[in-house]
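J.: So here's query-v4.tsv (TSV, C-alpha atoms).
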```tsv
chain	number	residue	atom	x	y	z
A	1	MET	CA	124.53	73.05	177.76
A	2	ILE	CA	123.75	73.46	181.44
A	3	GLU	CA	126.94	75.43	181.86
A	4	HIS	CA	125.92	77.71	179.05
A	5	ASP	CA	122.54	78.40	180.58
A	6	GLN	CA	124.11	79.21	183.91
A	7	ASP	CA	126.48	81.65	182.32
A	8	GLN	CA	129.42	79.53	183.34
A	9	LEU	CA	130.99	80.47	180.11
A	10	ASP	CA	134.46	79.16	180.71
A	11	LEU	CA	133.15	75.68	181.51
A	12	ALA	CA	130.81	75.77	178.56
A	13	GLU	CA	133.63	76.82	176.29
A	14	GLN	CA	135.80	73.96	177.52
A	15	ASP	CA	133.01	71.45	176.89
A	16	LEU	CA	132.35	72.83	173.44
A	17	ASP	CA	136.03	72.86	172.53
A	18	SER	CA	136.24	69.24	173.68
A	19	ALA	CA	133.27	68.36	171.51
A	20	LEU	CA	134.94	69.99	168.53
A	21	ALA	CA	138.18	68.17	169.25
A	22	LEU	CA	136.27	64.90	168.97
A	23	ASP	CA	134.34	65.98	165.90
A	24	ASP	CA	135.52	69.03	164.03
A	25	GLN	CA	132.25	69.06	162.08
A	26	ASN	CA	130.06	69.46	165.15
A	27	CYS	CA	127.97	72.36	163.87
A	28	THR	CA	125.99	72.65	167.08
A	29	ALA	CA	129.15	73.15	169.13
A	30	MET	CA	130.30	75.84	166.67
A	31	GLY	CA	127.02	77.65	167.06
A	32	PHE	CA	127.10	77.50	170.84
A	33	LEU	CA	130.66	78.83	170.83
A	34	GLY	CA	129.17	81.77	168.97
A	35	HIS	CA	126.72	82.26	171.81
A	36	VAL	CA	129.51	82.08	174.36
A	37	ALA	CA	131.43	84.78	172.51
A	38	PHE	CA	128.26	86.82	172.18
A	39	LYS	CA	127.61	86.63	175.91
A	40	ARG	CA	131.13	87.93	176.41
A	41	GLN	CA	130.31	90.72	173.95
A	42	GLN	CA	133.17	89.63	171.73
A	43	TRP	CA	131.41	90.49	168.51
A	44	PRO	CA	134.14	89.60	165.99
A	45	ASP	CA	134.68	86.22	167.63
A	46	ALA	CA	130.94	85.60	167.85
A	47	ALA	CA	130.60	86.50	164.18
A	48	ALA	CA	133.42	84.15	163.20
A	49	ARG	CA	131.94	81.29	165.22
A	50	PHE	CA	128.51	81.76	163.70
A	51	ALA	CA	130.12	81.98	160.28
A	52	ASP	CA	131.84	78.64	160.94
A	53	ALA	CA	128.49	77.18	161.99
A	54	THR	CA	126.89	78.52	158.82
A	55	GLU	CA	129.49	76.80	156.67
A	56	CYS	CA	129.20	73.62	158.70
A	57	TYR	CA	125.42	73.41	158.40
A	58	GLY	CA	125.63	74.28	154.73
A	59	GLY	CA	128.07	71.43	154.18
A	60	ALA	CA	125.88	69.02	156.12
A	61	ALA	CA	122.87	70.07	154.08
A	62	GLY	CA	124.82	69.53	150.88
A	63	ASP	CA	125.88	66.07	152.00
A	64	ALA	CA	122.31	65.16	152.87
A	65	GLU	CA	121.12	66.49	149.52
A	66	ARG	CA	123.63	64.33	147.65
A	67	GLN	CA	122.58	61.29	149.65
A	68	ARG	CA	118.95	62.04	148.87
A	69	ARG	CA	119.65	62.28	145.15
A	70	ALA	CA	121.62	59.04	145.22
A	71	ALA	CA	118.74	57.32	147.02
A	72	VAL	CA	116.27	58.68	144.46
A	73	ASP	CA	118.49	57.43	141.59
A	74	ARG	CA	118.68	53.98	143.13
A	75	THR	CA	114.92	53.72	143.40
A	76	GLY	CA	114.61	54.74	139.76
B	1	MET	CA	111.20	56.09	153.78
B	2	ARG	CA	114.93	56.82	153.63
B	3	ILE	CA	114.34	59.48	151.01
B	4	ASN	CA	111.81	61.20	153.24
B	5	ALA	CA	114.26	61.14	156.15
B	6	LEU	CA	116.97	62.63	153.96
B	7	GLU	CA	114.63	65.34	152.72
B	8	ALA	CA	113.81	66.22	156.31
B	9	ARG	CA	117.50	66.35	157.14
B	10	VAL	CA	118.22	68.67	154.24
B	11	LYS	CA	115.46	71.02	155.39
B	12	GLU	CA	116.63	70.96	158.96
B	13	GLN	CA	120.26	71.62	158.06
B	14	ARG	CA	119.30	74.42	155.67
B	15	ALA	CA	117.17	76.01	158.41
B	16	GLN	CA	120.09	75.81	160.84
B	17	GLU	CA	122.39	77.23	158.16
B	18	SER	CA	120.20	80.26	157.60
B	19	ALA	CA	119.71	80.83	161.33
B	20	ALA	CA	123.46	80.74	161.89
B	21	ALA	CA	123.90	83.10	158.95
B	22	VAL	CA	121.50	85.58	160.55
B	23	ASN	CA	123.50	85.46	163.77
B	24	ALA	CA	126.78	85.78	161.87
B	25	ALA	CA	125.46	88.80	160.01
B	26	ALA	CA	124.19	90.45	163.19
B	27	ASN	CA	127.51	89.98	164.92
B	28	PHE	CA	129.59	91.07	161.93
B	29	LEU	CA	127.43	94.18	161.91
B	30	ARG	CA	128.11	94.76	165.59
B	31	ALA	CA	131.80	94.26	164.90
B	32	GLY	CA	131.60	96.93	162.23
B	33	ASP	CA	132.30	94.62	159.30
B	34	ILE	CA	129.53	95.66	156.96
B	35	GLY	CA	130.88	93.70	154.00
B	36	LYS	CA	130.80	90.38	155.77
B	37	ALA	CA	127.49	91.24	157.40
B	38	GLN	CA	126.03	91.82	153.95
B	39	SER	CA	127.47	88.55	152.71
B	40	TYR	CA	125.82	86.54	155.47
B	41	VAL	CA	122.56	88.45	155.16
B	42	ASP	CA	122.51	87.43	151.50
B	43	ARG	CA	123.13	83.86	152.51
B	44	ALA	CA	120.32	83.95	155.05
B	45	ALA	CA	118.05	85.43	152.39
B	46	ARG	CA	118.11	82.14	150.50
B	47	ASP	CA	115.71	80.89	153.16
B	48	PRO	CA	112.30	82.57	152.80
B	49	GLU	CA	111.63	81.83	156.47
B	50	ARG	CA	114.28	84.43	157.35
B	51	ALA	CA	112.70	87.21	155.33
B	52	ALA	CA	111.72	89.33	158.31
B	53	ALA	CA	115.12	89.07	159.97
B	54	VAL	CA	116.87	89.68	156.66
B	55	ASN	CA	114.83	92.83	156.08
B	56	GLU	CA	115.66	94.11	159.55
B	57	LEU	CA	119.35	93.42	159.10
B	58	ARG	CA	119.38	95.09	155.70
B	59	GLU	CA	117.79	98.17	157.29
B	60	ALA	CA	120.51	98.17	159.94
B	61	ILE	CA	123.22	97.81	157.29
B	62	ARG	CA	121.74	100.70	155.34
B	63	ALA	CA	121.62	102.77	158.51
B	64	MET	CA	125.27	102.04	159.27
B	65	GLY	CA	126.25	102.77	155.71
B	66	ARG	CA	124.69	106.22	155.96
B	67	ARG	CA	126.70	107.13	159.05
B	68	PRO	CA	129.86	109.24	158.80
B	69	LEU	CA	132.99	107.14	158.45
B	70	SER	CA	134.42	108.27	161.78
B	71	GLU	CA	131.28	107.28	163.62
B	72	ALA	CA	131.01	103.95	161.83
B	73	SER	CA	134.61	103.02	162.62
B	74	ALA	CA	134.05	103.90	166.29
B	75	GLU	CA	131.50	101.11	166.30
B	76	ARG	CA	134.24	98.51	165.85
B	77	ARG	CA	134.97	96.42	168.88
B	78	PRO	CA	138.24	94.98	170.05
B	79	ALA	CA	138.33	91.21	169.75
B	80	ASN	CA	138.66	90.64	173.47
B	81	LEU	CA	136.33	93.20	174.91
B	82	SER	CA	135.88	92.25	178.51
B	83	PRO	CA	132.52	92.28	180.26
B	84	SER	CA	133.82	95.02	182.54
B	85	ASN	CA	133.87	97.30	179.52
B	86	ARG	CA	130.25	96.77	178.71
B	87	SER	CA	129.39	100.39	179.36
B	88	GLU	CA	131.46	101.26	176.31
B	89	VAL	CA	129.23	99.22	174.07
B	90	ARG	CA	126.79	101.32	172.14
B	91	PRO	CA	123.74	99.82	170.50
B	92	LEU	CA	123.44	99.59	166.78
B	93	PRO	CA	121.24	102.20	165.17
B	94	ARG	CA	117.66	101.12	165.15
B	95	PRO	CA	115.96	100.19	161.93
B	96	THR	CA	112.85	102.11	161.06
B	97	SER	CA	110.92	100.23	163.69
B	98	THR	CA	111.59	101.06	167.34
B	99	ARG	CA	110.56	97.57	168.29
B	100	CYS	CA	113.08	94.81	168.54
B	101	SER	CA	110.93	92.19	166.93
B	102	PHE	CA	113.43	89.36	166.56
B	103	GLN	CA	114.26	88.32	170.06
B	104	TRP	CA	116.14	85.29	168.78
B	105	LEU	CA	118.68	87.57	167.18
B	106	SER	CA	121.53	87.73	169.64
B	107	TRP	CA	122.14	91.45	169.33
B	108	CYS	CA	118.44	92.09	169.61
B	109	ARG	CA	118.25	90.16	172.87
B	110	ALA	CA	121.18	92.07	174.26
B	111	GLU	CA	119.39	95.32	173.73
B	112	GLN	CA	116.31	93.99	175.41
B	113	ALA	CA	118.36	92.85	178.38
B	114	HIS	CA	119.74	96.36	178.79
B	115	ASP	CA	116.43	98.03	178.05
B	116	PRO	CA	113.86	96.41	180.33
B	117	ASN	CA	111.54	99.43	180.21
B	118	GLY	CA	112.23	100.41	176.67
B	119	ASN	CA	110.71	99.61	173.37
B	120	GLY	CA	112.01	96.10	173.09
B	121	ALA	CA	109.73	93.19	172.52
B	122	ALA	CA	108.77	91.00	175.43
B	123	ARG	CA	111.59	88.67	176.20
B	124	GLY	CA	111.02	85.01	175.48
B	125	ASP	CA	113.47	82.21	176.01
B	126	GLY	CA	115.68	84.02	173.58
B	127	ARG	CA	117.38	80.95	172.20
B	128	PRO	CA	118.33	81.57	168.63
B	129	VAL	CA	117.09	79.16	166.02
B	130	GLY	CA	120.60	78.30	165.04
B	131	GLY	CA	121.78	77.44	168.53
```
Show me, as C-alpha coordinates, the structure contained in the file I just sent.
T.:
Amino acid sequence: MIEHDQDQLDLAEQDLDSALALDDQNCTAMGFLGHVAFKRQQWPDAAARFADATECYGGAAGDAERQRRAAVDRTG
Amino acid sequence: MRINALEARVKEQRAQESAAAVNAAANFLRAGDIGKAQSYVDRAARDPERAAAVNELREAIRAMGRRPLSEASAERRPANLSPSNRSEVRPLPRPTSTRCSFQWLSWCRAEQAHDPNGNGAARGDGRPVGG
(Lines of atoms letter the chains of each structure in order from A and count residues from 1; the text may use other names and numbers.)
(Lines give C-alpha, C1' and ligand atoms only; values in the text may rest on other atoms or scores of the structure.)
Protein backbone atom coordinates (compact mmCIF):
# COMPACT_ATOMS: atom_id res chain seq x y z
CA MET A 1 0.00 0.00 0.00
CA ILE A 2 3.03 2.26 0.04
CA GLU A 3 2.51 2.97 -3.62
CA HIS A 4 -1.06 3.93 -2.95
CA ASP A 5 -0.10 6.36 -0.23
CA GLN A 6 2.48 7.98 -2.46
CA ASP A 7 -0.04 8.45 -5.21
CA GLN A 8 1.90 6.15 -7.46
CA LEU A 9 -1.36 4.92 -8.72
CA ASP A 10 -0.15 2.91 -11.66
CA LEU A 11 2.18 0.87 -9.47
CA ALA A 12 -0.50 0.43 -6.85
CA GLU A 13 -2.96 -0.71 -9.49
CA GLN A 14 -0.48 -3.27 -10.81
CA ASP A 15 0.11 -4.65 -7.32
CA LEU A 16 -3.58 -4.84 -6.61
CA ASP A 17 -4.35 -6.50 -9.93
CA SER A 18 -1.62 -9.03 -9.17
CA ALA A 19 -3.16 -9.70 -5.78
CA LEU A 20 -6.53 -10.27 -7.40
CA ALA A 21 -4.98 -12.57 -9.98
CA LEU A 22 -3.70 -14.73 -7.13
CA ASP A 23 -6.94 -14.54 -5.18
CA ASP A 24 -10.02 -13.29 -6.96
CA GLN A 25 -11.79 -13.01 -3.60
CA ASN A 26 -9.31 -10.54 -2.14
CA CYS A 27 -11.85 -8.01 -0.89
CA THR A 28 -9.19 -5.63 0.39
CA ALA A 29 -7.58 -5.40 -3.05
CA MET A 30 -11.00 -4.69 -4.59
CA GLY A 31 -11.57 -1.88 -2.13
CA PHE A 32 -8.17 -0.34 -2.75
CA LEU A 33 -8.75 -0.48 -6.49
CA GLY A 34 -11.81 1.62 -5.73
CA HIS A 35 -9.58 4.15 -4.02
CA VAL A 36 -7.21 4.18 -6.97
CA ALA A 37 -10.09 4.91 -9.33
CA PHE A 38 -11.39 7.53 -6.94
CA LYS A 39 -8.04 9.29 -6.84
CA ARG A 40 -8.16 9.36 -10.62
CA GLN A 41 -11.65 10.83 -10.35
CA GLN A 42 -13.05 7.94 -12.35
CA TRP A 43 -16.32 7.82 -10.48
CA PRO A 44 -18.07 5.01 -12.38
CA ASP A 45 -15.02 2.77 -12.08
CA ALA A 46 -14.59 3.66 -8.42
CA ALA A 47 -18.25 2.86 -7.82
CA ALA A 48 -17.95 -0.49 -9.58
CA ARG A 49 -14.84 -1.42 -7.60
CA PHE A 50 -16.45 -0.52 -4.30
CA ALA A 51 -19.55 -2.44 -5.36
CA ASP A 52 -17.35 -5.49 -6.03
CA ALA A 53 -15.78 -5.06 -2.59
CA THR A 54 -19.23 -4.83 -1.04
CA GLU A 55 -20.28 -8.11 -2.60
CA CYS A 56 -16.98 -9.72 -1.65
CA TYR A 57 -17.20 -8.71 2.00
CA GLY A 58 -20.84 -9.72 2.09
CA GLY A 59 -19.94 -13.16 0.78
CA ALA A 60 -17.12 -13.51 3.29
CA ALA A 61 -19.45 -12.52 6.10
CA GLY A 62 -21.99 -15.08 4.93
CA ASP A 63 -19.35 -17.79 4.84
CA ALA A 64 -18.20 -16.91 8.34
CA GLU A 65 -21.80 -16.91 9.55
CA ARG A 66 -22.39 -20.40 8.15
CA GLN A 67 -19.20 -21.64 9.78
CA ARG A 68 -20.29 -20.12 13.07
CA ARG A 69 -23.67 -21.83 12.90
CA ALA A 70 -22.04 -25.15 12.06
CA ALA A 71 -19.68 -24.76 15.02
CA VAL A 72 -22.62 -23.94 17.30
CA ASP A 73 -24.52 -27.02 16.05
CA ARG A 74 -21.53 -29.23 16.71
CA THR A 75 -21.22 -28.02 20.28
CA GLY A 76 -24.91 -28.72 20.80
CA MET B 1 -13.26 -20.12 21.45
CA ARG B 2 -13.69 -20.87 17.75
CA ILE B 3 -17.27 -19.66 17.87
CA ASN B 4 -16.15 -16.36 19.36
CA ALA B 5 -13.53 -15.96 16.65
CA LEU B 6 -16.12 -16.65 13.97
CA GLU B 7 -18.53 -14.17 15.51
CA ALA B 8 -15.80 -11.54 15.46
CA ARG B 9 -15.08 -12.34 11.83
CA VAL B 10 -18.72 -11.99 10.87
CA LYS B 11 -18.87 -8.58 12.55
CA GLU B 12 -15.68 -7.43 10.92
CA GLN B 13 -16.73 -8.55 7.45
CA ARG B 14 -20.18 -6.98 7.84
CA ALA B 15 -18.55 -3.71 8.93
CA GLN B 16 -16.28 -3.79 5.88
CA GLU B 17 -19.27 -4.62 3.69
CA SER B 18 -21.23 -1.63 4.89
CA ALA B 19 -18.23 0.69 4.60
CA ALA B 20 -17.64 -0.43 1.02
CA ALA B 21 -21.34 0.04 0.33
CA VAL B 22 -21.14 3.63 1.55
CA ASN B 23 -18.22 4.28 -0.77
CA ALA B 24 -20.00 2.56 -3.65
CA ALA B 25 -23.09 4.66 -3.07
CA ALA B 26 -21.09 7.89 -2.88
CA ASN B 27 -19.30 7.13 -6.12
CA PHE B 28 -22.41 5.97 -7.96
CA LEU B 29 -23.93 9.26 -6.90
CA ARG B 30 -20.97 11.16 -8.27
CA ALA B 31 -21.28 9.17 -11.47
CA GLY B 32 -24.90 10.23 -11.71
CA ASP B 33 -26.38 6.77 -11.20
CA ILE B 34 -28.97 7.53 -8.57
CA GLY B 35 -30.62 4.12 -8.78
CA LYS B 36 -27.49 2.20 -7.93
CA ALA B 37 -26.51 4.80 -5.35
CA GLN B 38 -29.85 4.22 -3.63
CA SER B 39 -29.36 0.48 -3.77
CA TYR B 40 -26.00 0.64 -2.02
CA VAL B 41 -27.24 3.20 0.49
CA ASP B 42 -29.97 0.73 1.42
CA ARG B 43 -27.38 -1.97 1.79
CA ALA B 44 -25.23 0.23 4.01
CA ALA B 45 -28.31 1.04 6.08
CA ARG B 46 -28.40 -2.55 7.34
CA ASP B 47 -25.51 -1.54 9.58
CA PRO B 48 -26.67 0.86 12.31
CA GLU B 49 -23.10 2.13 12.60
CA ARG B 50 -23.52 3.75 9.17
CA ALA B 51 -26.65 5.68 10.10
CA ALA B 52 -25.04 9.10 9.90
CA ALA B 53 -23.41 8.46 6.54
CA VAL B 54 -26.58 6.86 5.22
CA ASN B 55 -28.62 9.91 6.23
CA GLU B 56 -26.16 12.23 4.52
CA LEU B 57 -26.17 10.18 1.35
CA ARG B 58 -29.96 10.01 1.31
CA GLU B 59 -30.04 13.81 1.60
CA ALA B 60 -27.66 14.06 -1.34
CA ILE B 61 -29.79 11.63 -3.37
CA ARG B 62 -32.90 13.65 -2.59
CA ALA B 63 -31.09 16.83 -3.61
CA MET B 64 -30.02 15.30 -6.91
CA GLY B 65 -33.49 13.95 -7.52
CA ARG B 66 -34.93 17.45 -7.17
CA ARG B 67 -32.61 18.89 -9.82
CA PRO B 68 -33.79 19.42 -13.40
CA LEU B 69 -33.05 16.45 -15.63
CA SER B 70 -30.63 18.38 -17.83
CA GLU B 71 -28.59 19.48 -14.85
CA ALA B 72 -28.59 16.03 -13.28
CA SER B 73 -27.40 14.38 -16.49
CA ALA B 74 -24.60 16.94 -16.80
CA GLU B 75 -23.30 15.54 -13.54
CA ARG B 76 -22.43 12.23 -15.23
CA ARG B 77 -18.76 11.62 -15.73
CA PRO B 78 -16.99 9.83 -18.52
CA ALA B 79 -15.47 6.57 -17.38
CA ASN B 80 -11.92 7.65 -18.08
CA LEU B 81 -11.90 11.22 -16.92
CA SER B 82 -8.28 12.21 -16.75
CA PRO B 83 -6.81 14.19 -13.87
CA SER B 84 -6.09 17.01 -16.29
CA ASN B 85 -9.82 17.52 -16.59
CA ARG B 86 -10.34 17.97 -12.90
CA SER B 87 -11.50 21.54 -13.33
CA GLU B 88 -14.57 20.17 -15.08
CA VAL B 89 -15.61 18.26 -12.01
CA ARG B 90 -18.33 19.96 -10.08
CA PRO B 91 -19.10 19.05 -6.50
CA LEU B 92 -22.28 17.29 -5.58
CA PRO B 93 -24.96 19.48 -4.09
CA ARG B 94 -24.52 19.82 -0.39
CA PRO B 95 -26.94 18.20 1.98
CA THR B 96 -28.67 20.47 4.44
CA SER B 97 -25.49 20.77 6.43
CA THR B 98 -22.66 22.86 4.99
CA ARG B 99 -20.19 20.77 6.90
CA CYS B 100 -18.61 17.74 5.36
CA SER B 101 -18.82 15.61 8.43
CA PHE B 102 -17.77 12.24 7.03
CA GLN B 103 -14.18 12.67 6.04
CA TRP B 104 -13.84 8.95 5.42
CA LEU B 105 -16.30 9.22 2.57
CA SER B 106 -14.16 9.48 -0.52
CA TRP B 107 -16.20 12.19 -2.21
CA CYS B 108 -16.30 14.13 1.01
CA ARG B 109 -12.52 14.07 1.30
CA ALA B 110 -12.16 15.25 -2.26
CA GLU B 111 -14.20 18.31 -1.52
CA GLN B 112 -12.14 19.04 1.54
CA ALA B 113 -8.95 18.72 -0.48
CA HIS B 114 -10.23 21.31 -2.94
CA ASP B 115 -11.72 23.51 -0.24
CA PRO B 116 -8.99 24.09 2.33
CA ASN B 117 -10.55 27.32 3.58
CA GLY B 118 -14.13 26.30 3.16
CA ASN B 119 -16.67 24.69 5.34
CA GLY B 120 -15.24 21.22 5.26
CA ALA B 121 -14.39 19.36 8.40
CA ALA B 122 -10.81 19.20 9.54
CA ARG B 123 -8.98 16.65 7.50
CA GLY B 124 -7.89 13.51 9.29
CA ASP B 125 -6.05 10.59 7.78
CA GLY B 126 -9.02 10.22 5.52
CA ARG B 127 -8.75 6.49 5.09
CA PRO B 128 -12.18 5.07 4.55
CA VAL B 129 -13.35 2.34 6.86
CA GLY B 130 -13.76 -0.03 3.99
CA GLY B 131 -10.25 0.42 2.61
J.: Please identify all residues of chain A having at least one atom at most 6 Å from any atom of chain B, considering all atoms listed in the file, and return them as a list of chain:residue names.
T.: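 Residues satisfying the distance criterion: A:Gly31, A:Phe32, A:Arg40, A:Gln42, A:Trp43, A:Pro44, A:Ala47, A:Phe50, A:Ala51, A:Thr54, A:Tyr57, A:Gly58, A:Ala61, A:Ala64, A:Glu65, A:Arg68.
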J.: Mind pulling up the distance from atom CA of A:Leu33 to atom CA of A:Asp15?
T.: 9.8 Å
J.: Work out how far apart atom CA of B:Val41 and atom CA of A:Gly34 are and give it in Å to one decimal.
T.: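 These atoms are spaced 16.7 Å apart.
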J.: So that I can check the surroundings of A:Gln25, please list as a list in words every protein, DNA and RNA residue that reaches within 10 Å of it, counting all atoms listed in the file and ignoring chain neighbours fewer than 3 positions away.
T.: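 So, after excluding close chain neighbours, the residues are Ala19, Leu20, Ala21, Leu22, Thr28, Ala29, Met30, Asp52, Ala53, Glu55, Cys56, Tyr57, Gly59 and Ala60 of chain A.
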J.: Can those selected residues be exported to a file as a PDB file, in the frame of the given file so that it contains C-alpha atoms?
T.:
```pdb
ATOM      1  CA  ALA A  19     133.270  68.360 171.510  1.00  0.00           C
ATOM      2  CA  LEU A  20     134.940  69.990 168.530  1.00  0.00           C
ATOM      3  CA  ALA A  21     138.180  68.170 169.250  1.00  0.00           C
ATOM      4  CA  LEU A  22     136.270  64.900 168.970  1.00  0.00           C
ATOM      5  CA  THR A  28     125.990  72.650 167.080  1.00  0.00           C
ATOM      6  CA  ALA A  29     129.150  73.150 169.130  1.00  0.00           C
ATOM      7  CA  MET A  30     130.300  75.840 166.670  1.00  0.00           C
ATOM      8  CA  ASP A  52     131.840  78.640 160.940  1.00  0.00           C
ATOM      9  CA  ALA A  53     128.490  77.180 161.990  1.00  0.00           C
ATOM     10  CA  GLU A  55     129.490  76.800 156.670  1.00  0.00           C
ATOM     11  CA  CYS A  56     129.200  73.620 158.700  1.00  0.00           C
ATOM     12  CA  TYR A  57     125.420  73.410 158.400  1.00  0.00           C
ATOM     13  CA  GLY A  59     128.070  71.430 154.180  1.00  0.00           C
ATOM     14  CA  ALA A  60     125.880  69.020 156.120  1.00  0.00           C
TER      15      ALA A  60
END
```
J.: May I ask for the distance between atom CA of A:Glu13 and atom CA of B:Ser39, given in Å to one decimal place?
T.: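 The value is 27.0 Å.
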